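Undergrad: This is the content of coords-v1.txt (compact mmCIF, C-alpha atoms):
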```
# COMPACT_ATOMS: atom_id res chain seq x y z
CA MET A 1 -4.92 62.18 -6.92
CA ALA A 2 -4.34 59.04 -4.87
CA GLN A 3 -1.86 59.30 -2.00
CA PRO A 4 0.94 56.70 -2.35
CA LEU A 5 1.10 55.91 1.39
CA ARG A 6 -2.63 55.29 1.60
CA VAL A 7 -2.54 53.13 -1.54
CA SER A 8 0.39 51.17 -0.14
CA ASN A 9 -1.48 50.51 3.11
CA TYR A 10 -4.58 49.33 1.24
CA LEU A 11 -2.56 47.00 -0.97
CA MET A 12 -0.79 45.57 2.05
CA ALA A 13 -4.10 44.98 3.84
CA PHE A 14 -5.64 43.24 0.82
CA SER A 15 -2.55 41.10 0.43
CA GLU A 16 -2.71 39.97 4.05
CA VAL A 17 -6.35 38.95 3.68
CA SER A 18 -5.88 37.03 0.44
CA PRO A 19 -3.74 37.22 -2.72
CA ILE A 20 -6.92 36.45 -4.68
CA LEU A 21 -8.61 39.50 -3.15
CA LEU A 22 -5.60 41.65 -3.99
CA GLU A 23 -5.64 40.48 -7.61
CA HIS A 24 -9.37 41.17 -7.86
CA VAL A 25 -9.10 44.68 -6.43
CA VAL A 26 -6.05 45.66 -8.49
CA ASN A 27 -7.73 44.63 -11.75
CA MET A 28 -11.25 45.95 -11.06
CA THR A 29 -12.61 48.11 -13.87
CA ASP A 30 -15.04 51.00 -13.97
CA GLY A 31 -17.80 51.47 -16.53
CA ASN A 32 -15.24 52.51 -19.14
CA GLY A 33 -13.01 49.52 -18.55
CA ASN A 34 -10.31 51.48 -16.74
CA THR A 35 -8.30 49.83 -13.98
CA ALA A 36 -6.39 51.50 -11.16
CA LEU A 37 -3.33 51.23 -13.39
CA HIS A 38 -5.09 53.10 -16.21
CA TYR A 39 -6.06 55.90 -13.83
CA SER A 40 -2.64 56.16 -12.19
CA VAL A 41 -0.87 56.36 -15.54
CA SER A 42 -3.33 58.86 -17.04
CA HIS A 43 -2.83 61.13 -14.00
CA SER A 44 0.97 60.68 -14.18
CA ASN A 45 0.95 59.33 -10.63
CA PHE A 46 3.92 57.06 -11.25
CA THR A 47 4.62 56.42 -7.57
CA VAL A 48 1.26 54.65 -7.38
CA VAL A 49 1.92 52.96 -10.73
CA ASP A 50 5.07 51.50 -9.21
CA LEU A 51 3.17 50.25 -6.16
CA LEU A 52 0.58 48.56 -8.36
CA LEU A 53 3.21 46.92 -10.54
CA ASP A 54 5.07 45.66 -7.48
CA THR A 55 2.05 43.61 -6.44
CA GLY A 56 2.77 41.33 -9.38
CA MET A 57 -0.99 41.05 -9.86
CA CYS A 58 -1.67 43.73 -12.48
CA ASN A 59 -3.06 42.73 -15.83
CA VAL A 60 -0.79 45.24 -17.54
CA ASP A 61 -2.19 44.59 -21.01
CA GLN A 62 -5.85 45.09 -20.04
CA GLN A 63 -7.58 47.31 -22.62
CA ASN A 64 -10.24 49.79 -21.60
CA LYS A 65 -13.38 50.30 -23.68
CA ALA A 66 -11.56 52.84 -25.82
CA GLY A 67 -9.09 50.09 -26.65
CA TYR A 68 -6.08 51.44 -24.77
CA THR A 69 -3.72 49.70 -22.36
CA ALA A 70 -1.76 51.38 -19.58
CA VAL A 71 1.34 51.08 -21.78
CA MET A 72 -0.40 53.10 -24.51
CA LEU A 73 -1.50 55.77 -22.03
CA ALA A 74 2.02 56.00 -20.63
CA ALA A 75 3.33 56.58 -24.15
CA LEU A 76 1.33 59.83 -24.19
CA SER A 77 2.76 61.11 -20.91
CA ALA A 78 5.22 63.98 -20.60
CA VAL A 79 7.62 62.66 -17.96
CA LYS A 80 10.27 64.98 -16.54
CA GLU A 81 11.59 63.15 -13.47
CA GLU A 82 14.12 60.33 -13.79
CA ASP A 83 12.32 58.27 -11.15
CA ASP A 84 9.08 58.53 -13.09
CA MET A 85 10.78 57.51 -16.33
CA ALA A 86 12.23 54.48 -14.55
CA VAL A 87 8.68 53.42 -13.62
CA VAL A 88 7.53 53.96 -17.22
CA GLN A 89 10.35 51.74 -18.48
CA LYS A 90 9.36 49.14 -15.91
CA LEU A 91 5.79 49.26 -17.21
CA PHE A 92 7.01 48.94 -20.81
CA ARG A 93 9.09 45.88 -19.92
CA LEU A 94 6.20 44.19 -18.12
CA GLY A 95 3.60 44.97 -20.79
CA ASN A 96 3.29 44.27 -24.48
CA VAL A 97 4.71 47.34 -26.20
CA ASN A 98 3.56 46.01 -29.58
CA ALA A 99 -0.11 45.53 -28.64
CA LYS A 100 -2.60 47.27 -30.93
CA ALA A 101 -5.47 49.45 -29.76
CA SER A 102 -8.75 47.73 -30.58
CA GLN A 103 -10.29 50.68 -32.46
CA ALA A 104 -7.65 51.85 -34.95
CA GLY A 105 -4.90 49.31 -34.45
CA GLN A 106 -2.34 51.84 -33.26
CA THR A 107 0.56 50.81 -31.06
CA ALA A 108 2.08 52.69 -28.14
CA LEU A 109 4.94 53.72 -30.43
CA MET A 110 2.55 55.26 -32.95
CA LEU A 111 0.77 57.18 -30.18
CA ALA A 112 4.05 58.49 -28.77
CA VAL A 113 5.17 59.56 -32.24
CA SER A 114 1.91 61.35 -33.10
CA HIS A 115 2.07 63.33 -29.83
CA GLY A 116 5.77 64.16 -30.22
CA ARG A 117 6.87 62.29 -27.08
CA GLN A 118 10.45 61.67 -28.17
CA GLU A 119 11.58 60.37 -24.77
CA MET A 120 8.76 57.82 -24.85
CA VAL A 121 9.65 56.80 -28.39
CA ARG A 122 13.20 56.13 -27.26
CA ALA A 123 12.05 54.18 -24.19
CA LEU A 124 9.64 52.05 -26.24
CA LEU A 125 12.34 51.24 -28.79
CA GLU A 126 14.68 50.21 -25.98
CA CYS A 127 11.95 47.88 -24.71
CA GLY A 128 11.45 46.14 -28.05
CA ALA A 129 8.86 48.23 -29.91
CA ASN A 130 8.57 47.10 -33.55
CA VAL A 131 8.96 50.05 -35.94
CA ASN A 132 7.36 48.25 -38.88
CA ILE A 133 3.97 47.35 -37.37
CA GLN A 134 1.06 48.80 -39.35
CA ASP A 135 -2.26 50.05 -38.01
CA ASP A 136 -5.67 49.46 -39.59
CA GLU A 137 -4.90 52.05 -42.29
CA GLY A 138 -1.54 50.48 -43.05
CA SER A 139 0.44 53.29 -41.44
CA THR A 140 3.68 52.74 -39.55
CA ALA A 141 5.31 54.84 -36.84
CA LEU A 142 7.69 56.23 -39.48
CA MET A 143 4.78 57.31 -41.68
CA CYS A 144 3.17 58.97 -38.67
CA ALA A 145 6.36 60.86 -37.83
CA SER A 146 6.75 61.90 -41.47
CA GLU A 147 3.18 63.19 -41.64
CA HIS A 148 3.43 65.19 -38.40
CA GLY A 149 6.83 66.71 -39.20
CA ARG A 150 8.73 65.03 -36.36
CA ALA A 151 12.22 65.18 -37.90
CA GLU A 152 14.11 64.13 -34.75
CA ILE A 153 11.82 61.17 -34.24
CA VAL A 154 12.21 60.20 -37.90
CA SER A 155 15.98 60.13 -37.40
CA LEU A 156 15.55 58.03 -34.27
CA LEU A 157 13.34 55.52 -36.07
CA LEU A 158 15.71 55.29 -39.03
CA GLU A 159 18.51 54.33 -36.63
CA GLN A 160 16.65 51.15 -35.72
CA PRO A 161 17.89 47.97 -37.43
CA GLY A 162 15.30 46.65 -39.83
CA CYS A 163 13.37 49.90 -40.17
CA ASP A 164 11.65 49.45 -43.53
CA ILE A 165 10.92 52.76 -45.26
CA SER A 166 9.51 51.02 -48.34
CA VAL A 167 6.34 49.87 -46.53
CA VAL A 168 3.16 51.30 -48.08
CA ASP A 169 -0.17 52.04 -46.43
CA ASN A 170 -3.66 51.19 -47.68
CA ASP A 171 -3.50 54.12 -50.11
CA GLY A 172 -0.19 52.96 -51.57
CA SER A 173 1.82 55.76 -49.94
CA ASN A 174 5.17 55.29 -48.21
CA ALA A 175 6.92 57.51 -45.66
CA LEU A 176 8.73 59.53 -48.35
CA SER A 177 5.62 60.30 -50.38
CA ILE A 178 3.75 61.21 -47.19
CA ALA A 179 6.51 63.63 -46.14
CA LEU A 180 6.52 65.26 -49.59
CA GLU A 181 2.74 65.59 -49.63
CA ALA A 182 2.85 67.27 -46.21
CA SER A 183 5.65 69.61 -47.43
CA HIS A 184 8.06 68.36 -44.79
CA ASN A 185 11.06 68.66 -47.08
CA ASP A 186 13.62 68.22 -44.30
CA ILE A 187 12.15 64.83 -43.50
CA ALA A 188 11.97 63.91 -47.18
CA VAL A 189 15.70 64.61 -47.44
CA LEU A 190 16.37 62.35 -44.44
CA LEU A 191 14.33 59.53 -45.92
CA TYR A 192 15.84 59.89 -49.38
CA ALA A 193 19.37 59.87 -47.95
CA HIS A 194 18.56 56.76 -45.93
CA MET A 195 17.16 55.04 -49.00
CA ASN A 196 20.33 55.76 -50.98
CA TYR A 197 22.55 54.65 -48.10
CA SER A 198 20.63 51.39 -47.72
CA LYS A 199 20.87 50.80 -51.47
CA THR A 200 24.63 51.41 -51.42
CA GLN A 201 25.07 49.06 -48.47
CA ALA A 202 23.15 46.34 -50.30
CA GLU A 203 25.33 46.73 -53.38
CA VAL A 204 28.56 46.24 -51.41
CA SER A 205 27.26 43.47 -49.17
CA PRO A 206 29.30 40.23 -48.86
CA LYS A 207 26.62 38.41 -50.87
CA ALA A 208 27.36 40.61 -53.86
CA ASN A 209 31.12 40.20 -53.55
CA PRO A 210 31.91 36.86 -51.95
CA ARG A 211 35.45 36.54 -50.72
CA VAL A 212 37.55 33.59 -51.83
CA LEU A 213 39.52 32.35 -48.88
CA SER A 214 43.03 31.24 -49.77
CA SER A 215 44.69 28.25 -48.18
CA PRO A 216 47.12 29.10 -45.39
CA ARG A 217 50.70 29.16 -46.61
CA LYS A 218 53.22 26.82 -45.10
CA THR A 219 56.25 28.58 -43.72
CA TRP A 220 59.49 26.77 -44.44
CA PRO A 221 62.47 27.17 -42.17
CA SER A 222 65.30 29.11 -43.73
CA GLU A 223 68.57 27.31 -44.32
```
Would you write out, as structure tokens, the structure that this file holds?
TA:
Amino acid sequence: MAQPLRVSNYLMAFSEVSPILLEHVVNMTDGNGNTALHYSVSHSNFTVVDLLLDTGMCNVDQQNKAGYTAVMLAALSAVKEEDDMAVVQKLFRLGNVNAKASQAGQTALMLAVSHGRQEMVRALLECGANVNIQDDEGSTALMCASEHGRAEIVSLLLEQPGCDISVVDNDGSNALSIALEASHNDIAVLLYAHMNYSKTQAEVSPKANPRVLSSPRKTWPSE
């Protein structure tokens, strides 16, 4: 694992020679298309990730040959330290959290959901992750959570404004039918309750019952 002090010294030396050299070195790729940022994230070396991001030269959204960005790899990490999570959030803000992997079209949110990384799901949502994006098979993050039995993550996704549980995948299945097929009855109950609540809210919306505003009354002085 790279030593932060040594990395910092190298970055400083490259910067003093030329910003162009620094940018070139920071974004160099190996045979698999991985940059220093990819490696640092995949090894959970978030101190080095922070150093790389602070150069301002990182191509944060660079995909490797497997189609993954550093943001996507970070979404798979199990982070325990607050300082490390702060770096992850910094990475999420600098990168495109809604980018799709080139092979299956999955987003960082979908990857975090499928691996049960609830803290990453929350961080991605806070940084603008779109819950309704579909991958190449038409699946959403909610469908993924429903299939894998991630009840807490399902609840978290349902809390997001605009979360559309009626979206169907390429097979015509929605999150509820997927949960039922996988025998995740607790999740099916959550989804069904949310559907009924959303329906009730729509029925009592202002559009359904427009208010008629009365003219303000004139108050006459008493004699």
Undergrad: Compute the distance from (-0.7, 44.9, -16.2) to each atom, counting all atoms listed in the file, keep the residues with any atom at most 9 Å away, and return them as a ChimeraX atom specification; use the coordinates of the file.
TA: /A:27,37,52-53,56-62,69-71,91,94-95
Undergrad: Could you tell me how far CA of Ala151 in chain A sits from CA of Leu190 in chain A, in Å to one decimal place?
TA: 8.2 Å
Undergrad: From (-10.3, 50.3, -32.4), in the file's coordinates, out to 10 Å: which residues are reached, counting all atoms listed in the file? Answer as JSON, numbers by chain.
TA: {"A": [65, 66, 67, 68, 100, 101, 102, 103, 104, 105, 106, 135, 136]}
Undergrad: Which residue is closest to Leu124 in chain A? Choose from A:Ala75, A:Cys163, A:Cys144, A:Ile178 and count all atoms listed in the file.
TA: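 Between A:Ala75, A:Cys163, A:Cys144, A:Ile178, the residue approaching Leu124 in chain A most closely is A:Ala75.
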Undergrad: What's the 12 Å shell around Val7 in chain A, counting all atoms listed in the file, without same-chain residues fewer than 3 positions away, as a list in words?
TA: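 In the requested form, the answer reads Met1, Ala2, Gln3, Pro4, Tyr10, Leu11, Met12, Ala13, Phe14, Val25, Val26, Ala36, Ser40, Asn45, Thr47, Val48, Val49, Asp50, Leu51, Leu52 and Thr55 of chain A.
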Undergrad: Residues of range 51-97 of chain A that approach range 125-133 of chain A to 9 Å or less, counting only C-alpha atoms: could you list each one with the shortest pair of atoms and its distance in Å to one decimal, rows by chain and increasing residue number, as JSON lines?
TA:
```
{"residue": "A:Gln89", "atom": "CA", "partner": "A:Cys127", "partner_atom": "CA", "distance": 7.5}
{"residue": "A:Phe92", "atom": "CA", "partner": "A:Cys127", "partner_atom": "CA", "distance": 6.4}
{"residue": "A:Arg93", "atom": "CA", "partner": "A:Cys127", "partner_atom": "CA", "distance": 5.9}
{"residue": "A:Asn96", "atom": "CA", "partner": "A:Ala129", "partner_atom": "CA", "distance": 8.7}
{"residue": "A:Val97", "atom": "CA", "partner": "A:Ala129", "partner_atom": "CA", "distance": 5.6}
```
Undergrad: Taking C-alpha atoms for each residue, export the selection above as a short mmCIF file (atom, residue, chain, number, x, y, z; two decimals), in the frame of the given file.
TA:
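Final output, saved to result38.cif:
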```
data_model
loop_
_atom_site.label_atom_id
_atom_site.label_comp_id
_atom_site.auth_asym_id
_atom_site.auth_seq_id
_atom_site.Cartn_x
_atom_site.Cartn_y
_atom_site.Cartn_z
CA GLN A 89 10.35 51.74 -18.48
CA PHE A 92 7.01 48.94 -20.81
CA ARG A 93 9.09 45.88 -19.92
CA ASN A 96 3.29 44.27 -24.48
CA VAL A 97 4.71 47.34 -26.20
#
```
Undergrad: What is the distance, in Å and to one decimal place, between CA of Met143 in chain A and CA of Ala175 in chain A?
TA: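 Interatomic distance here is 4.5 Å.
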Undergrad: For His148 in chain A, find every residue with an atom within 10 Å (counting all atoms listed in the file), except residues of its own chain fewer than 6 positions away, and show them as JSON, numbers by chain.
TA: {"A": [113, 114, 115, 116, 142, 178, 179, 182, 184]}
Undergrad: Find the distance between CA of Ala99 in chain A and CA of Leu111 in chain A and write it in Å to one decimal.
TA: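 Going from CA of Ala99 in chain A over to CA of Leu111 in chain A, I get 11.8 Å.
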Undergrad: Draw an axis-aligned box tight on the listed atoms of range 186-198 of chain A, then pad every side by 5 Å and write out centre and edge lengths in Å to one decimal as AutoDock Vina command-line options.
TA:
```
--center_x 17.3 --center_y 59.8 --center_z -47.2 --size_x 20.6 --size_y 26.8 --size_z 17.5
```
Undergrad: Rank nothing, just name the residue among A:Val168, A:Leu191, A:Val41, A:Val121 nearest to Ser139 in chain A, using only C-alpha atoms.
TA: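 Between A:Val168, A:Leu191, A:Val41, A:Val121, the residue approaching Ser139 in chain A most closely is A:Val168.
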Undergrad: Which one of A:Met28, A:Ile187, A:Val167, A:Ala193 sits closest to Glu152 in chain A if you count only C-alpha atoms?
TA: A:Ile187
Undergrad: Find, counting all atoms listed in the file, the residue in A:Met120, A:Val17, A:Val189, A:Ala108 that gets nearest to Ile153 in chain A.
TA: A:Met120
Undergrad: From the list A:Asp54, A:Glu159, A:Asp83, A:Glu119, which residue is nearest Leu22 in chain A when using all atoms listed in the file?
TA: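 The shortest atom-to-atom distance to Leu22 in chain A comes from A:Asp54.
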